[in-house]
$ cat upload-v1.txt   # compact mmCIF, C-alpha atoms
# COMPACT_ATOMS: atom_id res chain seq x y z
CA MET A 1 0.00 0.00 0.00
CA PHE A 2 1.24 3.45 -0.89
CA LEU A 3 0.83 6.30 1.49
CA ILE A 4 -1.21 9.20 0.20
CA PRO A 5 0.38 11.21 -0.85
CA LYS A 6 34.98 11.35 -33.52
CA LYS A 7 36.12 13.95 -36.01
CA HIS A 8 35.01 15.90 -33.13
CA ILE A 9 34.22 14.00 -29.97
CA ILE A 10 30.92 15.68 -29.47
CA ALA A 11 29.23 14.95 -26.17
CA LEU A 12 25.81 16.32 -26.93
CA SER A 13 24.41 15.27 -23.58
CA PHE A 14 20.77 16.00 -24.18
CA VAL A 15 19.39 16.90 -20.88
CA VAL A 16 16.28 18.04 -22.56
CA PHE A 17 15.26 17.35 -20.69
CA ILE A 18 18.12 33.75 -11.24
CA SER A 19 15.98 35.19 -8.78
CA LEU A 20 17.92 32.24 -10.70
CA LEU A 21 19.09 29.93 -7.95
CA LEU A 22 17.72 31.99 -5.09
CA GLY A 23 14.46 30.14 -5.58
CA ALA A 24 16.37 26.88 -5.36
CA CYS A 25 18.12 27.66 -2.10
CA GLN A 26 17.49 25.21 0.70
CA CYS A 27 16.80 27.85 3.27
CA GLY A 28 16.85 26.48 6.78
CA ASN A 29 18.44 23.22 5.63
CA LYS A 30 22.09 24.00 6.12
CA LYS A 31 24.56 21.40 4.95
CA SER A 32 28.14 20.87 5.92
CA LYS A 33 30.21 22.10 3.00
CA PRO A 34 33.95 21.89 2.40
CA ASP A 35 36.08 24.99 1.97
CA ILE A 36 36.47 25.48 -1.78
CA SER A 37 37.76 29.06 -1.67
CA LYS A 38 41.30 28.09 -2.69
CA ILE A 39 40.27 25.94 -5.66
CA ASN A 40 41.00 27.98 -8.76
CA ILE A 41 38.51 27.70 -11.58
CA SER A 42 38.70 29.65 -14.80
CA ILE A 43 35.64 29.67 -17.06
CA GLU A 44 34.77 32.08 -19.84
CA THR A 45 31.14 32.99 -20.47
CA LEU A 46 30.17 33.50 -24.09
CA ARG A 47 26.78 34.75 -25.27
CA PHE A 48 26.67 32.93 -28.58
CA ASP A 49 22.94 33.64 -28.72
CA LYS A 50 23.66 37.37 -28.91
CA ASP A 51 26.61 37.08 -31.28
CA PHE A 52 24.63 34.87 -33.63
CA GLN A 53 21.38 36.81 -33.64
CA THR A 54 23.01 40.22 -34.08
CA MET A 55 25.09 39.34 -37.14
CA ASP A 56 24.97 41.79 -40.01
CA THR A 57 22.63 40.08 -42.49
CA ASN A 58 23.79 42.41 -45.25
CA HIS A 59 27.28 40.89 -45.02
CA MET A 60 26.54 37.29 -44.10
CA GLU A 61 29.71 35.68 -45.41
CA GLN A 62 31.95 38.03 -43.44
CA SER A 63 29.77 37.76 -40.33
CA LEU A 64 29.80 33.97 -40.40
CA ALA A 65 33.55 33.90 -40.89
CA ALA A 66 34.04 36.10 -37.83
CA LEU A 67 31.68 33.96 -35.77
CA GLU A 68 33.43 30.77 -36.87
CA LYS A 69 36.81 32.22 -35.94
CA LYS A 70 35.60 33.13 -32.45
CA TYR A 71 33.76 29.89 -31.64
CA ASP A 72 35.40 27.23 -33.84
CA ILE A 73 33.97 23.82 -32.89
CA TYR A 74 30.99 25.34 -31.11
CA TYR A 75 30.01 27.17 -34.29
CA ASP A 76 30.34 23.94 -36.26
CA VAL A 77 28.17 21.93 -33.87
CA TYR A 78 25.52 24.63 -33.61
CA VAL A 79 25.24 25.29 -37.34
CA HIS A 80 25.44 21.68 -38.52
CA ASP A 81 24.31 19.38 -35.69
CA ILE A 82 21.89 21.43 -33.62
CA MET A 83 20.18 23.78 -36.05
CA LYS A 84 21.03 21.87 -39.26
CA PHE A 85 21.48 25.06 -41.27
CA GLY A 86 24.04 23.40 -43.50
CA TYR A 87 27.72 22.52 -43.58
CA ARG A 88 30.36 24.75 -42.09
CA ARG A 89 32.45 24.97 -45.25
CA ASP A 90 29.71 25.63 -47.76
CA SER A 91 30.82 27.45 -50.90
CA SER A 92 27.42 27.51 -52.60
CA GLY A 93 25.93 30.30 -50.50
CA TYR A 94 23.18 28.00 -49.22
CA LEU A 95 24.36 28.17 -45.61
CA ALA A 96 24.51 31.96 -45.56
CA ALA A 97 21.09 32.27 -47.22
CA ASN A 98 19.54 29.77 -44.83
CA ILE A 99 20.86 31.54 -41.75
CA LYS A 100 19.85 34.94 -43.13
CA GLY A 101 16.29 33.71 -43.51
CA TYR A 102 16.31 32.42 -39.94
CA LEU A 103 17.63 35.70 -38.53
CA ARG A 104 14.99 37.71 -40.38
CA ASN A 105 12.12 35.45 -39.32
CA GLY A 106 9.71 37.32 -37.04
CA ASP A 107 9.05 34.35 -34.76
CA MET A 108 12.76 33.79 -34.23
CA LYS A 109 13.27 37.47 -33.49
CA GLY A 110 10.47 37.26 -30.93
CA LEU A 111 12.03 34.23 -29.30
CA TYR A 112 15.39 35.99 -29.13
CA ASP A 113 13.80 39.08 -27.56
CA THR A 114 12.11 36.91 -24.93
CA VAL A 115 15.39 35.20 -24.09
CA GLN A 116 17.16 38.54 -23.71
CA GLN A 117 14.41 39.89 -21.47
CA ARG A 118 14.59 36.83 -19.24
CA PHE A 119 18.38 36.55 -19.28
CA PRO A 120 19.78 40.07 -19.81
CA ASN A 121 22.92 38.92 -18.03
CA LEU A 122 24.11 35.76 -16.32
CA ASN A 123 26.20 37.29 -13.54
CA LEU A 124 24.59 35.40 -10.68
CA PHE A 125 24.47 32.19 -12.67
CA GLU A 126 28.18 32.49 -13.53
CA LYS A 127 28.99 32.68 -9.82
CA GLU A 128 26.89 29.60 -9.05
CA LEU A 129 28.44 27.71 -11.97
CA LYS A 130 31.94 28.51 -10.78
CA ASN A 131 31.03 27.31 -7.28
CA SER A 132 29.68 24.05 -8.65
CA PHE A 133 32.90 23.56 -10.62
CA GLN A 134 34.90 24.14 -7.43
CA PHE A 135 32.85 21.52 -5.59
CA ALA A 136 33.24 19.13 -8.52
CA ARG A 137 37.03 19.59 -8.43
CA PHE A 138 37.05 19.07 -4.66
CA TYR A 139 35.10 15.82 -4.77
CA CYS A 140 36.41 14.54 -8.13
CA PRO A 141 39.96 15.85 -8.62
CA SER A 142 40.36 14.19 -12.02
CA VAL A 143 37.07 15.47 -13.47
CA LYS A 144 37.45 17.29 -16.78
CA LEU A 145 35.71 20.64 -16.55
CA PRO A 146 34.98 22.87 -19.54
CA SER A 147 36.81 26.16 -19.79
CA LYS A 148 33.96 27.84 -21.66
CA PHE A 149 30.28 28.32 -20.90
CA ALA A 150 28.26 29.29 -23.96
CA THR A 151 24.58 30.07 -24.34
CA CYS A 152 22.52 29.62 -27.47
CA ILE A 153 18.98 29.50 -28.77
CA GLY A 154 18.44 25.92 -29.84
CA GLY A 155 15.06 26.12 -31.52
CA LEU A 156 13.38 24.47 -28.50
CA ASN A 157 15.56 21.40 -29.12
CA MET A 158 18.49 21.70 -26.75
CA GLY A 159 18.66 21.78 -22.98
CA ALA A 160 22.17 21.39 -21.58
CA PHE A 161 25.05 19.77 -23.41
CA THR A 162 28.83 19.57 -23.63
CA ILE A 163 31.09 19.71 -26.66
CA ASP A 164 34.33 17.79 -26.20
CA THR A 165 35.78 18.94 -22.90
CA ASP A 166 35.90 22.55 -24.09
CA TYR A 167 32.32 23.77 -23.77
CA VAL A 168 29.33 23.37 -21.56
CA SER A 169 26.27 25.03 -23.00
CA VAL A 170 22.55 25.60 -22.60
CA GLY A 171 19.78 26.50 -24.98
CA LEU A 172 18.28 29.38 -23.03
CA ASP A 173 15.00 29.05 -24.92
CA LEU A 174 14.29 25.85 -22.96
CA PHE A 175 14.51 27.60 -19.57
CA LEU A 176 11.93 30.38 -19.93
CA GLY A 177 9.43 29.04 -17.40
CA GLU A 178 6.73 26.44 -17.90
CA LYS A 179 4.09 29.02 -18.87
CA PHE A 180 6.01 30.29 -21.90
CA VAL A 181 3.52 30.36 -24.75
CA HIS A 182 5.48 28.23 -27.22
CA TYR A 183 5.86 25.38 -24.74
CA ASP A 184 2.27 24.38 -25.39
CA VAL A 185 3.58 21.96 -28.03
CA PHE A 186 5.04 19.84 -25.20
CA PRO A 187 3.17 17.67 -22.67
CA GLN A 188 2.73 19.54 -19.39
CA TYR A 189 4.94 17.14 -17.43
CA ILE A 190 7.77 17.99 -19.85
CA SER A 191 7.25 21.76 -20.04
CA ALA A 192 7.08 21.88 -16.23
CA LYS A 193 10.84 21.24 -16.31
CA PHE A 194 11.63 24.17 -18.60
CA ILE A 195 12.44 26.46 -15.69
CA PRO A 196 15.63 28.41 -14.93
CA GLN A 197 16.12 26.55 -11.64
CA LEU A 198 16.93 23.39 -13.60
CA MET A 199 19.55 25.00 -15.80
CA LEU A 200 22.49 24.43 -13.45
CA PRO A 201 21.53 20.87 -12.42
CA ASN A 202 21.14 19.97 -16.10
CA MET A 203 24.54 21.42 -16.93
CA MET A 204 26.21 19.43 -14.16
CA LYS A 205 24.43 16.29 -15.38
CA ALA A 206 25.88 16.95 -18.83
CA ILE A 207 29.37 17.31 -17.35
CA TYR A 208 28.90 14.11 -15.36
CA ASN A 209 27.79 12.30 -18.52
CA ASN A 210 30.78 13.58 -20.43
CA ASN A 211 33.18 12.29 -17.77
CA TYR A 212 31.56 9.09 -16.54
CA GLY A 213 28.94 8.14 -19.12
CA ASN A 214 25.22 8.76 -19.21
CA PRO A 215 23.66 6.45 -16.60
CA TYR A 216 20.30 6.59 -18.38
CA THR A 217 21.81 4.78 -21.34
CA SER A 218 23.86 2.28 -19.33
CA LYS A 219 23.27 -1.39 -20.04
CA GLY A 220 22.06 -3.47 -17.14
CA ASN A 221 19.03 -4.65 -15.24
CA VAL A 222 16.56 -2.38 -13.52
CA ILE A 223 18.26 -2.08 -10.13
CA ASN A 224 21.75 -1.68 -11.58
CA THR A 225 20.53 1.13 -13.82
CA MET A 226 18.79 2.78 -10.88
CA ILE A 227 22.01 2.65 -8.88
CA GLU A 228 24.03 4.11 -11.76
CA ILE A 229 21.55 6.99 -11.87
CA GLY A 230 21.77 7.20 -8.09
CA LYS A 231 25.52 7.81 -8.41
CA GLN A 232 24.78 10.79 -10.62
CA GLN A 233 22.19 12.10 -8.16
CA TYR A 234 24.68 11.75 -5.31
CA PHE A 235 27.24 13.69 -7.37
CA LEU A 236 24.69 16.45 -8.00
CA GLU A 237 23.88 16.71 -4.31
CA LYS A 238 27.56 17.23 -3.51
CA VAL A 239 28.42 19.71 -6.25
CA LEU A 240 25.18 21.67 -5.82
CA PRO A 241 24.75 21.74 -2.04
CA ASP A 242 22.55 24.85 -2.09
CA VAL A 243 20.07 23.55 -4.64
CA SER A 244 16.82 22.02 -3.38
CA ALA A 245 16.28 18.30 -3.87
CA GLU A 246 13.22 18.89 -6.04
CA TYR A 247 15.45 20.56 -8.62
CA LEU A 248 18.17 17.94 -8.34
CA PHE A 249 15.61 15.23 -9.12
CA ALA A 250 13.47 17.43 -11.41
CA TYR A 251 10.40 16.49 -9.35
CA SER A 252 7.73 18.85 -8.14
CA SER A 253 7.76 19.64 -4.43
CA ASP A 254 4.62 17.51 -3.99
CA GLN A 255 6.19 14.59 -5.83
CA LEU A 256 9.28 14.81 -3.64
CA LYS A 257 7.15 14.84 -0.49
CA TRP A 258 5.30 11.79 -1.78
CA CYS A 259 8.59 9.95 -2.30
CA GLU A 260 9.76 10.78 1.19
CA ALA A 261 6.45 9.68 2.74
CA SER A 262 6.24 6.53 0.60
CA GLU A 263 9.86 5.33 0.71
CA LYS A 264 9.02 1.99 2.31
CA SER A 265 6.02 1.41 0.05
CA ILE A 266 8.04 2.19 -3.09
CA TRP A 267 10.67 -0.39 -2.17
CA GLN A 268 8.02 -2.95 -1.25
CA PHE A 269 6.22 -2.39 -4.55
CA LEU A 270 9.39 -2.98 -6.54
CA SER A 271 10.30 -6.03 -4.47
CA ASP A 272 6.85 -7.58 -4.82
CA LYS A 273 6.83 -7.15 -8.58
CA ASP A 274 10.28 -8.75 -8.79
CA ASP A 275 11.30 -6.23 -11.45
CA PHE A 276 14.72 -5.44 -10.07
CA TYR A 277 16.58 -7.95 -12.20
CA LYS A 278 14.72 -7.55 -15.48
CA GLU A 279 16.99 -6.43 -18.29
CA ARG A 280 14.70 -5.62 -21.21
CA ASP A 281 14.90 -1.99 -22.27
CA GLU A 282 11.15 -1.53 -21.84
CA ASP A 283 11.34 -2.81 -18.26
CA VAL A 284 14.18 -0.43 -17.43
CA ARG A 285 12.46 2.54 -19.09
CA HIS A 286 9.33 1.75 -17.07
CA TYR A 287 11.10 3.19 -14.02
CA ILE A 288 13.48 5.77 -15.45
CA GLY A 289 11.62 7.25 -18.40
CA GLU A 290 10.22 10.75 -18.80
CA GLN A 291 6.54 10.31 -18.02
CA PRO A 292 3.87 11.98 -15.87
CA SER A 293 4.17 9.29 -13.19
CA THR A 294 5.62 5.82 -12.86
CA PRO A 295 3.21 3.21 -14.29
CA GLY A 296 1.65 1.09 -11.57
CA MET A 297 2.27 3.68 -8.86
CA PRO A 298 -0.15 6.35 -7.66
CA PRO A 299 -0.44 9.36 -9.99
CA GLU A 300 0.86 11.73 -7.34
CA GLY A 301 4.25 10.03 -7.58
CA PRO A 302 6.83 11.16 -10.16
CA GLY A 303 7.99 9.55 -13.34
CA ASN A 304 11.60 8.41 -13.23
CA ILE A 305 11.18 6.98 -9.75
CA GLY A 306 14.40 5.09 -10.42
CA ALA A 307 16.46 8.21 -9.75
CA TRP A 308 15.02 8.42 -6.23
CA VAL A 309 15.44 4.70 -5.50
CA GLY A 310 18.98 4.64 -6.84
CA TYR A 311 19.94 7.69 -4.83
CA LYS A 312 18.59 6.16 -1.62
CA VAL A 313 20.59 2.96 -2.18
CA VAL A 314 23.77 4.89 -2.98
CA SER A 315 23.31 7.14 0.06
CA ALA A 316 22.81 4.11 2.30
CA TYR A 317 25.97 2.56 0.87
CA MET A 318 28.05 5.66 1.51
CA GLN A 319 26.76 5.89 5.06
CA SER A 320 27.41 2.21 5.76
CA MET A 321 31.08 2.15 4.77
CA ASN A 322 33.58 2.28 7.61
CA PHE A 323 35.97 4.08 5.30
CA LYS A 324 34.36 6.81 3.25
CA PRO A 325 34.82 6.19 -0.46
CA THR A 326 35.47 9.22 -2.60
CA ILE A 327 32.86 10.04 -5.20
CA GLU A 328 35.27 8.89 -7.88
CA GLN A 329 35.58 5.54 -6.09
CA LEU A 330 31.80 5.39 -5.76
CA ILE A 331 31.34 5.95 -9.48
CA GLN A 332 33.70 3.07 -10.27
CA THR A 333 32.06 0.65 -7.81
CA ASP A 334 29.92 -2.14 -9.25
CA PRO A 335 26.20 -1.58 -8.58
CA LYS A 336 25.84 -5.13 -7.23
CA GLU A 337 28.45 -4.37 -4.58
CA ILE A 338 26.74 -1.11 -3.70
CA LEU A 339 23.38 -2.84 -3.30
CA ALA A 340 24.82 -5.63 -1.15
CA LYS A 341 26.83 -3.38 1.16
CA SER A 342 24.19 -0.69 1.43
CA LYS A 343 21.85 -3.04 3.32
CA TYR A 344 19.16 -0.67 2.20
CA LYS A 345 15.76 -1.68 3.50
CA PRO A 346 13.46 1.20 4.40

$ encode --input "upload-v1.txt" --output "structure tokens"
Amino acid sequence: MFLIPKKHIIALSFVVFISLLLGACQCGNKKSKPDISKINISIETLRFDKDFQTMDTNHMEQSLAALEKKYDIYYDVYVHDIMKFGYRRDSSGYLAANIKGYLRNGDMKGLYDTVQQRFPNLNLFEKELKNSFQFARFYCPSVKLPSKFATCIGGLNMGAFTIDTDYVSVGLDLFLGEKFVHYDVFPQYISAKFIPQLMLPNMMKAIYNNNYGNPYTSKGNVINTMIEIGKQQYFLEKVLPDVSAEYLFAYSSDQLKWCEASEKSIWQFLSDKDDFYKERDEDVRHYIGEQPSTPGMPPEGPGNIGAWVGYKVVSAYMQSMNFKPTIEQLIQTDPKEILAKSKYKP
């Protein structure tokens, strides 16, 4: 019973799923945090969205050449892979004409204006991003962190992603708030996640994926996949200690409360169904997919319940160890060992 309640190694980590992070602060829930003040992080912020949209359309060839020189691989990925305008080295004039048409399109101009109104600058976000990089370096000394943070308008296609180890980026047009008029093409449970408070967690997920692999695409049975995702959630908790759990899990506050109240029932449900060791993709996706709620569970619960379950197992494992593994050691530990040693049983 549930309680109520490789030409380029492109890591396009689709996490498509500030007031900024002030709304995400866990006020009154102070955590013990390490001193990161002496960890030097250098990251350059680049507003590609502005540089791209404000090109001189009367001199497209020269404008594109200047943009390509400044952004190099980022320009290539954006033009070819994300927006599919054409190939970088196009001598026919098709690329320039295609981009000119895009820049002069009224709807695209309106989207750009909305993005600029919502994100006129990213000063506070830059500070929070640097802090998260410092925490990441503290907990994972060998982690590869991008040296550049770039923003773009991705045509409502891109959330957060990395390119090689050089760039971490976000499509700002997917973080305008769930009530943004053009989000009505998405299901509500998807558009509910298009909020600025999820921008930083999504970026750190993309960096995790680029370093350690995307746990959502890992091969394994249901419980192993949950635990791999739980490792990522544990990483997020450490590198974003001031961000509320609802944003780390991308649950609503009510969904998170339901998980906390129903922890024992969730585990019992999974145990009774004997789904833990099923390996078919559809069985795994049943518990980790993007969906309004997890099939078979009450509708007030979240989809992707596997992230919560995996996190709880990983947390129990870390608490149970006499020696405290580093996060890098945790990431390399076999999920079967984590499950066995966690002795998790709510």

$ residues_around --input "upload-v1.txt" --residues "segment 214-218 of chain A" --least-positions-apart "4" --cutoff "10 Å" --atoms "all atoms listed in the file" --output "PyMOL selection string"
chain A and resi 13-14+205-210+224-232+281+284-285+288-289+307

$ closest_residue --input "upload-v1.txt" --among "A:Asp173, A:Asp56, A:Glu126, A:Glu178" --to "Asp113 of chain A" --atoms "all atoms listed in the file"
A:Asp173

$ closest_residue --input "upload-v1.txt" --among "A:Val77, A:Ala160, A:Leu46, A:Ala96" --to "His59 of chain A" --atoms "all atoms listed in the file"
A:Ala96

$ atom_distance --input "upload-v1.txt" --atom1 "atom CA of Gln53 of chain A" --atom2 "atom CA of Leu103 of chain A"
6.3 Å

$ atom_distance --input "upload-v1.txt" --atom1 "atom CA of Val239 of chain A" --atom2 "atom CA of Lys343 of chain A"
25.5 Å

$ axis_aligned_box --input "upload-v1.txt" --around "segment 108-119 of chain A" --padding-each-side "8 Å" --output "JSON"
{"center_x": 14.4, "center_y": 36.8, "center_z": -26.7, "size_x": 23.9, "size_y": 22.1, "size_z": 31.0}

$ residues_around --input "upload-v1.txt" --residues "Ile305 of chain A" --least-positions-apart "4" --cutoff "7 Å" --atoms "all atoms listed in the file" --output "PyMOL selection string"
chain A and resi 287-288+294+309

$ write_last_selection --input "upload-v1.txt" --atoms "C-alpha atoms" --output "PDB file, in the frame of the given file"
ATOM      1  CA  TYR A 287      11.100   3.190 -14.020  1.00  0.00           C
ATOM      2  CA  ILE A 288      13.480   5.770 -15.450  1.00  0.00           C
ATOM      3  CA  THR A 294       5.620   5.820 -12.860  1.00  0.00           C
ATOM      4  CA  VAL A 309      15.440   4.700  -5.500  1.00  0.00           C
TER       5      VAL A 309
END

$ closest_residue --input "upload-v1.txt" --among "A:Tyr277, A:Tyr251, A:Tyr167, A:Tyr234" --to "Asn304 of chain A" --atoms "only C-alpha atoms"
A:Tyr251

$ atom_distance --input "upload-v1.txt" --atom1 "atom CA of Phe135 of chain A" --atom2 "atom CA of Lys238 of chain A"
7.1 Å

$ closest_residue --input "upload-v1.txt" --among "A:Tyr212, A:Phe133, A:Phe48, A:Phe85" --to "Asp72 of chain A" --atoms "only C-alpha atoms"
A:Phe48

$ closest_residue --input "upload-v1.txt" --among "A:Val222, A:Glu282, A:Gly110, A:Tyr311" --to "Cys259 of chain A" --atoms "only C-alpha atoms"
A:Tyr311

$ closest_residue --input "upload-v1.txt" --among "A:Pro302, A:Pro346, A:Gly93, A:Gly154" --to "Ser271 of chain A" --atoms "only C-alpha atoms"
A:Pro346

$ residues_around --input "upload-v1.txt" --residues "Asn121 of chain A" --least-positions-apart "2" --cutoff "12 Å" --atoms "all atoms listed in the file" --output "list in words"
Ile18, Leu20, Thr45, Leu46, Arg47, Asp49, Lys50, Val115, Gln116, Gln117, Arg118, Phe119, Asn123, Leu124, Phe125, Glu126, Lys127, Thr151 and Leu172 of chain A

$ residues_near_point --input "upload-v1.txt" --point "(25.7, -5.2, -8.8)" --cutoff "12 Å" --atoms "only C-alpha atoms" --output "number ranges by chain"
A: 220-228, 276-277, 313-314, 332-342

$ residues_around --input "upload-v1.txt" --residues "Tyr74 of chain A" --least-positions-apart "2" --cutoff "10 Å" --atoms "all atoms listed in the file" --output "PyMOL selection string"
chain A and resi 10+48+67-68+70-72+76-80+150+162-164+166-169

$ build_atoms --input "upload-v1.txt" --residues "segment 155-176 of chain A" --atoms "N, CA and C atoms" --output "compact mmCIF listing (two decimals), keeping the file's coordinate frame"
# COMPACT_ATOMS: atom_id res chain seq x y z
N GLY A 155 16.29 26.47 -30.82
CA GLY A 155 15.06 26.12 -31.52
C GLY A 155 14.17 25.17 -30.75
N LEU A 156 14.17 25.33 -29.40
CA LEU A 156 13.38 24.47 -28.50
C LEU A 156 13.79 23.00 -28.62
N ASN A 157 15.05 22.77 -28.96
CA ASN A 157 15.56 21.40 -29.12
C ASN A 157 16.65 21.02 -28.13
N MET A 158 17.33 21.99 -27.57
CA MET A 158 18.49 21.70 -26.75
C MET A 158 18.33 22.22 -25.34
N GLY A 159 18.63 21.36 -24.37
CA GLY A 159 18.66 21.78 -22.98
C GLY A 159 20.09 22.13 -22.60
N ALA A 160 20.77 21.19 -21.95
CA ALA A 160 22.17 21.39 -21.58
C ALA A 160 23.01 20.33 -22.28
N PHE A 161 24.20 20.70 -22.69
CA PHE A 161 25.05 19.77 -23.41
C PHE A 161 26.51 20.20 -23.30
N THR A 162 27.40 19.28 -23.58
CA THR A 162 28.83 19.57 -23.63
C THR A 162 29.33 19.29 -25.04
N ILE A 163 30.42 19.96 -25.40
CA ILE A 163 31.09 19.71 -26.66
C ILE A 163 32.55 19.45 -26.34
N ASP A 164 33.01 18.23 -26.65
CA ASP A 164 34.33 17.79 -26.20
C ASP A 164 34.44 18.08 -24.69
N THR A 165 35.62 18.49 -24.28
CA THR A 165 35.78 18.94 -22.90
C THR A 165 35.95 20.45 -22.86
N ASP A 166 35.67 21.11 -23.99
CA ASP A 166 35.90 22.55 -24.09
C ASP A 166 34.71 23.37 -23.60
N TYR A 167 33.51 22.96 -24.01
CA TYR A 167 32.32 23.77 -23.77
C TYR A 167 31.28 23.03 -22.94
N VAL A 168 30.62 23.77 -22.08
CA VAL A 168 29.33 23.37 -21.56
C VAL A 168 28.36 24.46 -21.99
N SER A 169 27.17 24.06 -22.39
CA SER A 169 26.27 25.03 -23.00
C SER A 169 24.83 24.73 -22.64
N VAL A 170 23.99 25.77 -22.78
CA VAL A 170 22.55 25.60 -22.60
C VAL A 170 21.83 26.35 -23.70
N GLY A 171 20.70 25.78 -24.12
CA GLY A 171 19.78 26.50 -24.98
C GLY A 171 18.83 27.29 -24.08
N LEU A 172 19.05 28.57 -23.98
CA LEU A 172 18.28 29.38 -23.03
C LEU A 172 16.78 29.37 -23.33
N ASP A 173 16.42 29.06 -24.57
CA ASP A 173 15.00 29.05 -24.92
C ASP A 173 14.26 27.87 -24.32
N LEU A 174 14.96 26.95 -23.67
CA LEU A 174 14.29 25.85 -22.96
C LEU A 174 14.29 26.07 -21.45
N PHE A 175 14.52 27.31 -21.01
CA PHE A 175 14.51 27.60 -19.57
C PHE A 175 13.76 28.91 -19.30
N LEU A 176 12.67 29.12 -20.03
CA LEU A 176 11.93 30.38 -19.93
C LEU A 176 10.75 30.32 -18.98
